[in-house]
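**Student:** Sharing final.txt, compact mmCIF, C-alpha atoms and all ligand atoms:
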```txt
# COMPACT_ATOMS: atom_id res chain seq x y z
CA MET A 1 -8.06 -46.64 136.39
CA SER A 2 -7.75 -44.28 139.32
CA VAL A 3 -9.37 -40.88 139.24
CA LEU A 4 -7.45 -38.13 140.96
CA ALA A 5 -8.99 -36.02 143.64
CA PRO A 6 -9.48 -32.58 142.18
CA GLU A 7 -6.52 -31.01 144.02
CA THR A 8 -4.55 -29.52 141.19
CA THR A 9 -1.30 -30.07 143.12
CA ASP A 10 -1.74 -33.79 142.46
CA LEU A 11 -1.50 -33.29 138.74
CA ALA A 12 1.53 -34.82 137.09
CA ASP A 13 3.93 -32.63 135.15
CA LEU A 14 3.01 -33.33 131.53
CA LEU A 15 6.36 -31.91 130.41
CA ASP A 16 8.36 -34.46 132.38
CA PRO A 17 9.52 -37.22 129.96
CA GLU A 18 9.77 -39.60 132.90
CA LEU A 19 5.97 -39.49 133.24
CA TYR A 20 5.59 -41.29 129.90
CA ALA A 21 8.27 -43.85 130.75
CA THR A 22 7.46 -44.84 134.29
CA GLY A 23 4.29 -42.99 135.24
CA ASP A 24 0.73 -42.73 134.03
CA PRO A 25 -0.38 -39.46 132.43
CA TYR A 26 -3.97 -40.62 131.91
CA PRO A 27 -5.37 -39.64 135.35
CA THR A 28 -3.99 -36.13 134.87
CA TRP A 29 -5.52 -35.80 131.42
CA ARG A 30 -8.78 -37.13 132.77
CA TRP A 31 -8.80 -34.58 135.57
CA MET A 32 -8.09 -31.81 133.08
CA ARG A 33 -10.87 -32.97 130.73
CA ASP A 34 -13.33 -32.90 133.64
CA ASN A 35 -12.18 -29.76 135.42
CA ASP A 36 -10.00 -27.53 133.25
CA PRO A 37 -10.21 -28.64 129.62
CA VAL A 38 -8.29 -25.62 128.31
CA ARG A 39 -5.70 -25.15 131.01
CA ARG A 40 -3.03 -22.47 131.25
CA HIS A 41 0.59 -23.46 132.03
CA GLU A 42 3.05 -20.68 132.81
CA ALA A 43 6.52 -20.59 131.25
CA THR A 44 9.23 -22.86 132.66
CA ALA A 45 12.07 -24.18 130.54
CA TYR A 46 9.27 -24.26 127.96
CA PRO A 47 7.19 -21.27 126.86
CA ALA A 48 3.78 -20.70 128.46
CA PHE A 49 1.05 -22.73 126.77
CA TRP A 50 -2.56 -23.92 126.95
CA SER A 51 -3.28 -27.64 127.35
CA VAL A 52 -6.30 -28.85 125.36
CA THR A 53 -7.50 -32.29 126.46
CA ARG A 54 -11.08 -32.85 125.24
CA TYR A 55 -11.81 -34.54 121.92
CA ASP A 56 -14.19 -31.82 120.61
CA ASP A 57 -11.87 -28.93 121.50
CA ILE A 58 -8.91 -30.66 119.86
CA ARG A 59 -10.95 -31.19 116.69
CA THR A 60 -11.99 -27.51 116.74
CA VAL A 61 -8.32 -26.47 116.82
CA TYR A 62 -7.29 -28.94 114.09
CA ASN A 63 -10.12 -27.71 111.86
CA ASP A 64 -9.10 -24.04 111.92
CA ALA A 65 -5.64 -23.76 110.37
CA ARG A 66 -6.04 -20.00 109.92
CA VAL A 67 -6.47 -19.16 113.61
CA PHE A 68 -4.35 -22.06 114.86
CA SER A 69 -1.14 -21.88 112.88
CA SER A 70 1.51 -24.56 112.34
CA ALA A 71 4.14 -22.21 110.94
CA GLU A 72 5.90 -21.62 114.26
CA GLY A 73 6.28 -25.31 114.96
CA ILE A 74 4.02 -28.21 115.92
CA LEU A 75 6.00 -29.40 118.94
CA LEU A 76 6.71 -27.63 122.20
CA ARG A 77 10.42 -26.76 122.24
CA PRO A 78 12.43 -25.71 125.26
CA LEU A 79 12.95 -21.90 125.14
CA ALA A 80 16.72 -22.49 125.01
CA HIS A 81 16.37 -24.32 121.67
CA GLY A 82 15.00 -21.21 119.91
CA GLU A 83 12.75 -21.32 116.87
CA ASP A 84 12.05 -24.48 114.90
CA PRO A 85 14.26 -24.38 111.78
CA GLY A 86 11.47 -26.01 109.76
CA GLY A 87 9.00 -23.21 110.58
CA GLY A 88 7.26 -22.01 107.39
CA ARG A 89 9.33 -24.43 105.30
CA THR A 90 8.30 -28.06 105.76
CA LEU A 91 4.92 -29.48 104.85
CA ALA A 92 3.85 -29.95 108.46
CA LEU A 93 5.08 -26.48 109.46
CA THR A 94 3.38 -24.29 106.86
CA ASP A 95 -0.05 -22.68 106.76
CA PRO A 96 -2.45 -22.39 103.84
CA PRO A 97 -2.12 -21.41 101.02
CA ARG A 98 1.58 -22.42 100.89
CA HIS A 99 0.78 -25.62 102.76
CA LYS A 100 -1.67 -26.73 100.09
CA ALA A 101 0.82 -26.10 97.29
CA LEU A 102 3.55 -28.00 99.12
CA ARG A 103 1.22 -30.88 99.97
CA SER A 104 0.11 -31.26 96.36
CA LEU A 105 3.77 -31.65 95.29
CA VAL A 106 4.05 -34.92 97.20
CA ALA A 107 0.43 -36.06 97.63
CA ASP A 108 0.49 -38.40 94.61
CA TRP A 109 2.77 -40.86 96.41
CA PHE A 110 0.26 -41.29 99.22
CA THR A 111 -3.01 -41.87 97.37
CA THR A 112 -4.95 -45.13 97.66
CA ARG A 113 -3.77 -46.13 94.20
CA SER A 114 -0.08 -45.51 94.99
CA VAL A 115 -0.31 -47.39 98.26
CA ARG A 116 -2.07 -50.32 96.54
CA ALA A 117 0.67 -50.45 93.93
CA LEU A 118 3.20 -50.93 96.72
CA GLU A 119 1.30 -53.66 98.56
CA ASP A 120 3.01 -56.65 96.91
CA ALA A 121 6.45 -55.18 97.54
CA MET A 122 5.47 -54.51 101.17
CA ARG A 123 4.31 -58.13 101.56
CA GLY A 124 7.60 -59.42 100.18
CA ALA A 125 9.60 -57.16 102.51
CA VAL A 126 7.51 -58.16 105.53
CA ARG A 127 7.90 -61.87 104.79
CA GLN A 128 11.67 -61.46 104.85
CA VAL A 129 11.60 -59.39 108.04
CA VAL A 130 9.40 -61.88 109.88
CA ALA A 131 11.37 -64.91 108.61
CA ARG A 132 14.63 -63.31 109.76
CA ALA A 133 13.25 -62.41 113.20
CA THR A 134 11.82 -65.91 113.64
CA ALA A 135 15.15 -67.45 112.64
CA LEU A 136 16.87 -65.30 115.26
CA GLY A 137 14.71 -66.88 117.95
CA GLU A 138 15.01 -64.07 120.45
CA CYS A 139 14.89 -60.58 119.03
CA ASP A 140 13.89 -57.02 119.77
CA PHE A 141 10.47 -56.62 118.20
CA VAL A 142 10.93 -52.85 117.91
CA THR A 143 14.19 -52.84 115.94
CA ASP A 144 14.04 -56.24 114.25
CA VAL A 145 10.39 -56.14 113.18
CA ALA A 146 8.39 -52.93 113.71
CA ALA A 147 11.06 -50.51 112.48
CA ARG A 148 11.86 -52.34 109.25
CA LEU A 149 8.74 -52.10 107.09
CA PRO A 150 8.14 -48.34 107.47
CA LEU A 151 11.77 -47.61 106.65
CA TYR A 152 11.65 -49.88 103.61
CA VAL A 153 8.48 -48.12 102.40
CA ILE A 154 9.73 -44.57 102.87
CA CYS A 155 13.04 -45.49 101.18
CA ARG A 156 11.12 -46.83 98.17
CA LEU A 157 9.02 -43.67 97.98
CA MET A 158 12.03 -41.40 98.26
CA GLY A 159 14.01 -43.35 95.69
CA VAL A 160 16.74 -44.66 98.01
CA PRO A 161 18.35 -47.54 96.08
CA GLU A 162 17.94 -50.95 97.69
CA HIS A 163 21.64 -51.42 98.39
CA GLU A 164 21.71 -48.19 100.42
CA GLN A 165 18.68 -48.98 102.57
CA GLU A 166 20.47 -51.09 105.16
CA MET A 167 22.95 -48.28 105.75
CA LEU A 168 20.07 -45.80 106.20
CA PHE A 169 18.36 -48.27 108.54
CA THR A 170 21.47 -48.40 110.74
CA LEU A 171 21.73 -44.61 110.76
CA THR A 172 18.05 -44.04 111.59
CA SER A 173 18.18 -46.63 114.38
CA LYS A 174 21.09 -44.68 115.89
CA ALA A 175 19.63 -41.23 115.23
CA PHE A 176 16.13 -41.85 116.53
CA GLY A 177 16.81 -44.54 119.12
CA ALA A 178 17.72 -43.77 122.70
CA GLY A 179 21.40 -43.80 123.53
CA ASP A 180 24.16 -41.23 123.66
CA PRO A 181 22.93 -37.81 122.36
CA GLU A 182 26.25 -37.24 120.60
CA VAL A 183 26.04 -40.55 118.69
CA ARG A 184 22.45 -39.67 117.77
CA SER A 185 23.41 -36.23 116.56
CA ILE A 186 26.29 -37.57 114.42
CA ALA A 187 23.99 -40.20 112.91
CA HIS A 188 21.44 -37.50 112.12
CA GLN A 189 24.10 -35.40 110.40
CA GLU A 190 25.10 -38.43 108.34
CA ILE A 191 21.47 -38.89 107.28
CA MET A 192 21.33 -35.26 106.17
CA ALA A 193 24.63 -35.69 104.29
CA TYR A 194 23.11 -38.72 102.56
CA PHE A 195 20.06 -36.69 101.51
CA VAL A 196 22.30 -33.89 100.17
CA GLU A 197 23.95 -36.46 97.92
CA LEU A 198 20.62 -38.01 96.87
CA MET A 199 19.21 -34.54 96.16
CA TYR A 200 22.15 -33.72 93.83
CA ARG A 201 21.78 -37.08 92.10
CA ARG A 202 18.12 -36.28 91.39
CA MET A 203 18.95 -32.76 90.26
CA ASP A 204 21.21 -34.32 87.62
CA ARG A 205 18.83 -37.10 86.72
CA PRO A 206 15.26 -36.96 88.05
CA GLU A 207 13.40 -40.20 88.61
CA ASP A 208 9.87 -41.11 89.59
CA ASP A 209 10.25 -40.57 93.33
CA LEU A 210 9.53 -38.12 96.15
CA VAL A 211 12.98 -36.56 96.22
CA SER A 212 12.74 -35.79 92.49
CA ALA A 213 9.28 -34.27 93.09
CA LEU A 214 10.71 -31.98 95.78
CA VAL A 215 13.72 -31.10 93.62
CA ASN A 216 11.68 -30.19 90.54
CA GLY A 217 8.39 -29.06 92.03
CA GLU A 218 7.48 -25.37 92.24
CA VAL A 219 5.56 -23.54 94.93
CA ASP A 220 4.30 -20.06 93.92
CA GLY A 221 6.25 -20.36 90.69
CA GLU A 222 9.57 -20.95 92.45
CA LEU A 223 11.66 -24.05 92.98
CA LEU A 224 12.20 -25.03 96.61
CA SER A 225 15.54 -24.00 98.10
CA GLU A 226 18.03 -26.80 98.79
CA GLU A 227 17.52 -26.32 102.50
CA ASP A 228 13.74 -26.62 102.14
CA ILE A 229 14.16 -29.84 100.13
CA LEU A 230 16.40 -31.32 102.81
CA LEU A 231 14.15 -30.30 105.69
CA ASN A 232 11.20 -31.92 103.92
CA CYS A 233 13.20 -35.12 103.26
CA ASP A 234 14.13 -35.27 106.93
CA ASN A 235 10.49 -34.76 107.99
CA LEU A 236 9.24 -37.45 105.64
CA LEU A 237 11.83 -39.89 106.94
CA VAL A 238 10.99 -39.20 110.58
CA GLY A 239 7.21 -38.93 109.98
CA GLY A 240 7.21 -42.08 107.88
CA THR A 241 9.12 -44.29 110.27
CA GLU A 242 8.91 -43.26 113.90
CA ASN A 243 5.16 -43.37 114.51
CA VAL A 244 4.56 -46.60 112.58
CA ARG A 245 7.32 -48.27 114.57
CA LEU A 246 5.69 -47.12 117.81
CA ALA A 247 2.12 -48.04 116.80
CA VAL A 248 3.13 -51.52 115.60
CA SER A 249 5.29 -52.35 118.60
CA GLY A 250 2.80 -50.81 121.05
CA GLY A 251 0.06 -52.79 119.34
CA MET A 252 2.04 -56.03 119.61
CA ALA A 253 2.74 -55.41 123.30
CA THR A 254 -0.99 -54.83 123.83
CA PHE A 255 -1.85 -58.07 122.03
CA LEU A 256 0.70 -59.90 124.21
CA ASP A 257 -1.26 -58.60 127.20
CA HIS A 258 -4.58 -59.55 125.53
CA PRO A 259 -3.77 -62.92 123.90
CA ALA A 260 -7.47 -63.73 123.38
CA ASP A 261 -7.76 -60.71 121.06
CA TRP A 262 -4.72 -61.88 119.06
CA GLU A 263 -6.25 -65.34 118.63
CA ARG A 264 -9.60 -63.83 117.75
CA LEU A 265 -7.91 -61.81 115.01
CA ARG A 266 -6.10 -64.95 113.80
CA ALA A 267 -9.44 -66.72 113.53
CA ASP A 268 -11.31 -63.82 111.92
CA ARG A 269 -9.19 -61.66 109.61
CA GLY A 270 -12.28 -59.64 108.80
CA LEU A 271 -11.57 -57.88 112.08
CA MET A 272 -8.25 -56.51 110.82
CA PRO A 273 -9.50 -53.03 109.79
CA THR A 274 -11.17 -52.31 113.14
CA ALA A 275 -8.23 -53.89 115.01
CA VAL A 276 -5.78 -51.58 113.22
CA GLU A 277 -7.89 -48.52 114.08
CA GLU A 278 -8.08 -49.62 117.71
CA VAL A 279 -4.29 -50.11 117.87
CA LEU A 280 -3.88 -46.59 116.47
CA ARG A 281 -6.31 -45.14 119.04
CA TRP A 282 -4.85 -47.15 121.90
CA THR A 283 -1.21 -46.36 121.16
CA SER A 284 -1.74 -42.69 120.12
CA SER A 285 2.00 -42.43 119.63
CA ALA A 286 2.07 -38.70 118.81
CA THR A 287 1.82 -37.46 122.39
CA HIS A 288 1.22 -33.84 121.55
CA ILE A 289 0.80 -31.52 118.57
CA MET A 290 1.11 -27.76 118.97
CA ARG A 291 -0.42 -24.72 117.27
CA THR A 292 0.14 -20.98 117.66
CA VAL A 293 -2.85 -18.62 117.85
CA THR A 294 -2.92 -15.93 115.12
CA GLU A 295 -5.76 -13.74 116.48
CA PRO A 296 -7.76 -13.56 119.71
CA VAL A 297 -10.13 -16.51 119.93
CA THR A 298 -12.29 -18.16 122.58
CA LEU A 299 -11.83 -21.88 123.13
CA HIS A 300 -14.11 -23.60 125.63
CA GLY A 301 -14.73 -20.26 127.36
CA ARG A 302 -11.04 -19.31 127.65
CA LEU A 303 -9.77 -16.27 125.77
CA LEU A 304 -6.57 -17.07 123.89
CA GLU A 305 -4.42 -14.21 122.57
CA ALA A 306 -2.43 -14.00 119.34
CA GLY A 307 0.93 -15.67 119.88
CA ASP A 308 -0.36 -18.09 122.53
CA ARG A 309 0.79 -21.71 122.22
CA VAL A 310 -1.89 -24.40 122.23
CA VAL A 311 -0.89 -27.97 122.99
CA LEU A 312 -3.22 -30.76 121.86
CA TRP A 313 -2.75 -33.96 123.90
CA THR A 314 -3.68 -36.65 121.36
CA PRO A 315 -3.90 -39.65 123.74
CA SER A 316 -6.27 -37.64 125.92
CA ALA A 317 -8.63 -36.95 122.99
CA ASN A 318 -8.58 -40.65 122.19
CA ARG A 319 -9.65 -41.60 125.70
CA ASP A 320 -12.31 -38.90 126.08
CA GLU A 321 -15.35 -40.56 127.62
CA ARG A 322 -17.54 -37.82 126.08
CA HIS A 323 -16.69 -39.22 122.67
CA PHE A 324 -15.84 -42.92 123.11
CA THR A 325 -17.84 -45.59 124.91
CA GLY A 326 -15.60 -47.43 127.37
CA PRO A 327 -12.48 -45.52 126.22
CA ASP A 328 -10.17 -47.41 128.60
CA VAL A 329 -11.08 -50.77 127.10
CA PHE A 330 -8.99 -52.16 124.20
CA ASP A 331 -11.69 -53.37 121.81
CA ILE A 332 -10.62 -54.66 118.39
CA THR A 333 -14.24 -54.55 117.19
CA ARG A 334 -14.77 -50.90 118.17
CA ARG A 335 -17.10 -49.06 115.79
CA PRO A 336 -17.30 -46.18 115.19
CA ASN A 337 -13.72 -45.24 116.02
CA ARG A 338 -13.03 -41.72 114.83
CA HIS A 339 -9.80 -41.39 116.79
CA MET A 340 -7.36 -38.57 116.18
CA ALA A 341 -4.10 -40.54 116.36
CA LEU A 342 -3.38 -39.35 112.82
CA GLY A 343 -4.49 -35.76 113.44
CA ALA A 344 -7.41 -34.09 111.64
CA GLY A 345 -8.17 -31.18 109.31
CA GLU A 346 -5.75 -29.49 106.91
CA HIS A 347 -2.66 -31.33 108.20
CA PHE A 348 -4.28 -34.75 108.58
CA CYS A 349 -1.52 -37.34 108.32
CA LEU A 350 -0.42 -37.68 104.72
CA GLY A 351 0.77 -41.21 105.44
CA ALA A 352 -2.55 -42.40 106.93
CA MET A 353 -3.41 -44.85 104.15
CA MET A 354 0.21 -46.03 104.06
CA THR A 355 0.19 -46.56 107.82
CA ARG A 356 -3.02 -48.58 107.83
CA THR A 357 -1.77 -50.76 104.99
CA GLU A 358 1.62 -51.35 106.63
CA MET A 359 -0.02 -52.34 109.90
CA ARG A 360 -2.52 -54.64 108.22
CA ILE A 361 0.20 -56.40 106.22
CA LEU A 362 2.58 -56.75 109.14
CA PHE A 363 0.04 -58.04 111.65
CA GLY A 364 -1.35 -60.34 108.92
CA GLU A 365 2.06 -61.87 108.22
CA LEU A 366 2.77 -62.35 111.93
CA LEU A 367 -0.55 -64.18 112.30
CA ASP A 368 0.14 -66.31 109.21
CA SER A 369 3.75 -67.29 109.89
CA VAL A 370 4.36 -67.05 113.61
CA GLY A 371 2.70 -69.53 115.93
CA ARG A 372 3.84 -68.06 119.18
CA ILE A 373 5.22 -64.71 120.32
CA GLU A 374 6.33 -64.42 123.94
CA ARG A 375 8.11 -61.79 125.96
CA THR A 376 11.68 -62.63 126.99
CA GLY A 377 12.36 -59.56 129.10
CA PRO A 378 10.88 -56.27 130.23
CA ALA A 379 9.89 -53.79 127.55
CA VAL A 380 11.73 -50.47 127.71
CA PRO A 381 9.53 -47.38 127.32
CA LEU A 382 10.65 -44.19 125.57
CA ARG A 383 11.41 -41.07 127.58
CA SER A 384 9.87 -38.29 125.53
CA ILE A 385 7.10 -35.70 125.60
CA VAL A 386 6.82 -35.82 121.79
CA VAL A 387 6.13 -39.48 121.02
CA ASN A 388 5.28 -42.30 123.37
CA GLY A 389 5.69 -46.04 123.13
CA LEU A 390 8.44 -48.61 123.36
CA GLU A 391 12.13 -48.31 122.75
CA SER A 392 12.53 -52.07 122.89
CA LEU A 393 10.33 -55.15 123.28
CA PRO A 394 12.35 -58.35 123.72
CA VAL A 395 10.44 -61.36 122.38
CA ARG A 396 10.87 -64.90 121.12
CA MET A 397 8.99 -65.71 117.95
CA THR A 398 8.34 -69.33 117.00
CA ALA A 399 7.38 -70.27 113.45
CA ARG A 400 4.04 -71.96 112.89
C1 LIG A 501 1.15 -44.66 113.25
C2 LIG A 501 1.68 -43.90 112.31
C3 LIG A 501 1.52 -42.41 112.23
C4 LIG A 501 1.02 -41.52 113.15
C5 LIG A 501 0.49 -41.82 114.55
C6 LIG A 501 1.10 -40.21 112.54
C7 LIG A 501 0.64 -39.05 113.13
C8 LIG A 501 0.51 -37.84 112.47
C9 LIG A 501 -0.16 -36.68 113.01
C10 LIG A 501 -0.82 -36.60 114.39
C11 LIG A 501 -0.08 -35.71 112.07
C12 LIG A 501 -0.69 -34.31 112.17
C13 LIG A 501 0.34 -33.24 112.50
C14 LIG A 501 -0.29 -31.88 112.63
O1 LIG A 501 -1.51 -31.73 112.52
O2 LIG A 501 0.45 -30.93 112.88
C15 LIG A 501 0.67 -36.23 110.95
C16 LIG A 501 1.00 -35.53 109.82
C17 LIG A 501 1.85 -36.03 108.85
N1 LIG A 501 2.29 -37.33 108.71
FE1 LIG A 501 1.87 -38.85 109.91
N2 LIG A 501 1.65 -40.33 111.30
C18 LIG A 501 1.93 -41.65 111.06
C19 LIG A 501 2.49 -42.20 109.91
C20 LIG A 501 2.98 -41.48 108.86
C21 LIG A 501 3.65 -42.05 107.70
C22 LIG A 501 3.86 -43.53 107.45
C23 LIG A 501 4.03 -40.99 106.92
C24 LIG A 501 4.76 -40.98 105.61
C25 LIG A 501 5.09 -42.02 104.92
C26 LIG A 501 3.57 -39.78 107.58
C27 LIG A 501 3.77 -38.50 107.11
C28 LIG A 501 3.13 -37.39 107.61
C29 LIG A 501 3.24 -36.08 107.01
C30 LIG A 501 4.08 -35.70 105.78
C31 LIG A 501 2.44 -35.21 107.79
C32 LIG A 501 2.23 -33.73 107.59
C33 LIG A 501 0.99 -33.51 106.77
C34 LIG A 501 0.66 -32.06 106.60
O3 LIG A 501 1.14 -31.23 107.37
O4 LIG A 501 -0.07 -31.75 105.65
N3 LIG A 501 2.95 -40.12 108.74
N4 LIG A 501 1.00 -37.56 111.21
```
Would you give me this structure, written as structure tokens?
**Tutor:**
Amino acid sequence: MSVLAPETTDLADLLDPELYATGDPYPTWRWMRDNDPVRRHEATAYPAFWSVTRYDDIRTVYNDARVFSSAEGILLRPLAHGEDPGGGRTLALTDPPRHKALRSLVADWFTTRSVRALEDAMRGAVRQVVARATALGECDFVTDVAARLPLYVICRLMGVPEHEQEMLFTLTSKAFGAGDPEVRSIAHQEIMAYFVELMYRRMDRPEDDLVSALVNGEVDGELLSEEDILLNCDNLLVGGTENVRLAVSGGMATFLDHPADWERLRADRGLMPTAVEEVLRWTSSATHIMRTVTEPVTLHGRLLEAGDRVVLWTPSANRDERHFTGPDVFDITRRPNRHMALGAGEHFCLGAMMTRTEMRILFGELLDSVGRIERTGPAVPLRSIVVNGLESLPVRMTAR
């Protein structure tokens, strides 16, 4: 990896989506970690913000939800887009104590026991997905494999009936894929319309699912408003699908570049837990997470004022040489591996256990049933400052 000369003019623009598609942000993050770990960026189309790039500083911010608030949004938004509509309303965008109350409404579905209870169903779903993709011969690993399990799981949790899942899969592929912004926006509206209908169904007849929990649960003695229920459904759908798809497909692409590691995992399944953690660290699909400062605070010697935006660059934390030995090496035996791909502190990813289980089951089934996976064309990277990874990964999968 190249190390930039310390002329700040050489630094890449971290807010340019093209950087994540065709460039390499890592030298810039590395320079910032070494020379300006809490760096000020003046307003452009985006508000002014501070970039935080070192592992320890990012953990400090994550661990203080009172001073570093989520209620004004956790992603940098262009000024023209105004405030985040989910601010103060969705699980990810609330501060304690409301955050705790909201999280406890849905937490039961994400415990170790709940995830374990779903494992057999996940295995069955994965077997079908892999068999179908193998039968296709050539396929897009992102859409035909990586996207399917997380959507199936979140649909089960939310109580989406099986016969409606394929329709929701088509809509989410359109809404969160690349493509025409208008088509994406229409698909997103259709998803919201679907959730309105599901919400009313559960108001009439609650079942044992997440949507019913949101419909009937109270925070501070009050039921959630319909809009709050819908915003939370939308967040769970996006949170539950997008990052898993990116971690799994990014992981597969990495294994295709490191075939010896894939074969080593095939030969020794005991390595699966550390391999999954390393894929999470390596892919770090959530490119940034934002906080807003609530009172003056000093971070790594810089004075931040109330109202300042603080942007945490997750992939940078996960390659910080102060924390990881050989951070630029993909090592499926890495231990310890306290990466922050799933965040940390109060808002630590609710779906962490679910994610690890999904990845373990999916990689396991691929190793069991597929003898050979080979690229059939160039992978297409996403253009985004929010999440990074692959939009498509054309492969041929041959059954064992
Ligand atoms: C590779 C997969 C995943 C990655 C990389 C990821 C990443 C993250 C990160 C970085 C956060 C912290 C956000 C913050 O601090 O502001 C987070 C929170 C969250 N994630 Fe995940 N996530 C993944 C999978 C999932 C899944 C499968 C689900 C649901 C089924 C999920 C649901 C959530 C929710 C609800 C929160 C908000 C928690 C809170 O604010 O208390 N995530 N995730």
**Student:** Stretch 369-379 of chain A: which residues within 6 Å, counting all atoms listed in the file, same-chain residues fewer than 3 positions away excluded, as a list of chain:residue names?
**Tutor:**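 Returned residues: A:Glu365, A:Leu366, A:Ser392, A:Leu393, A:Pro394, A:Val395, A:Arg396, A:Met397, A:Thr398, A:Ala399, A:Arg400.
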**Student:** Can you pull out every residue with an atom within 7 Å of ligand LIG 501 (chain A)? Use all atoms listed in the file and format it as JSON, numbers by chain.
**Tutor:** {"A": [62, 70, 74, 91, 92, 93, 99, 103, 150, 154, 235, 236, 239, 240, 241, 243, 244, 246, 247, 280, 284, 285, 286, 289, 290, 341, 342, 343, 344, 346, 347, 348, 349, 350, 351, 352, 354, 355]}
**Student:** Considering only C-alpha atoms, state which residue in the set A:Glu263, A:Glu83, A:Asp56, A:Glu295 is at the smallest distance from A:Asn318.
**Tutor:** A:Asp56
**Student:** Residues near A:Ala43, anyone? I mean within 10 Å using only C-alpha atoms, not counting same-chain ones fewer than 6 positions away, as a list in words.
**Tutor:** Phe49, Pro78 and Leu79 of chain A
**Student:** When distances are computed from all atoms listed in the file, which of A:Val130, A:Val215, A:Trp282, A:Gly307 shows the smallest separation from A:Asp320?
**Tutor:**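 Nearest to A:Asp320: A:Trp282.
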**Student:** Tell me, in Å to one decimal, how far atom CA of A:Leu157 is from atom CA of A:Ser212.
**Tutor:**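 Here the two named atoms are 10.3 Å from each other.
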**Student:** Report as JSON, numbers by chain all protein, DNA and RNA residues lying within 7 Å of stretch 11-19 of chain A, evaluated on only C-alpha atoms, omitting residues in the same chain fewer than 4 positions from it.
**Tutor:** {"A": [23, 24, 25, 28, 383, 384, 385]}
**Student:** Of the candidates A:Trp313, A:Glu72, A:Glu119, A:Val276, which one gets nearest to A:Pro85 if we count all atoms listed in the file?
**Tutor:**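 Closest to A:Pro85 of all the choices is A:Glu72.
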**Student:** Sorted by chain and rising residue number, which residues of stretch 232-332 of chain A lie within 10 Å of stretch 182-193 of chain A, and what are their closest atom pairs and distances in Å to one decimal, counting only C-alpha atoms, as CSV?
**Tutor:**
```
residue,atom,partner,partner_atom,distance
A:Cys233,CA,A:Met192,CA,8.6
A:Asp234,CA,A:Met192,CA,7.2
A:Leu237,CA,A:Ile191,CA,9.7
```
**Student:** Between A:Val248, A:Met203, A:Val160, A:Ala175, single out the one closest to A:Ala275, counting only C-alpha atoms.
**Tutor:**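 Checking each candidate against A:Ala275, we get A:Val248 as the closest.
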**Student:** Between A:Phe176, A:Glu277, A:Met32, A:Asn337, which residue has the minimum interatomic distance to A:Thr325, considering only C-alpha atoms?
**Tutor:**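 Residue with the minimum atom-to-atom distance to A:Thr325: A:Asn337.
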**Student:** With all atoms listed in the file as the basis for distance, which of A:Gly137, A:Thr60, A:Arg148, A:Tyr194 is at the shortest distance from A:Leu362?
**Tutor:**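 Closest candidate: A:Arg148.
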**Student:** Could you list, as a PyMOL selection string, every residue within 9 Å of A:Leu75, counting all atoms listed in the file and ignoring same-chain residues fewer than 4 positions away?
**Tutor:** chain A and resi 84+288-291+311+386
**Student:** What separation in Å, quoted to one decimal, exists between atom CA of A:His81 and atom CA of A:Ala45?
**Tutor:**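 Separating atom CA of A:His81 from atom CA of A:Ala45 is a distance of 9.9 Å.
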**Student:** Report, in Å to a single decimal, how far apart atom CA of A:Arg309 and atom CA of A:Val67 are.
**Tutor:**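 Separating atom CA of A:Val67 from atom CA of A:Arg309 is a distance of 11.5 Å.
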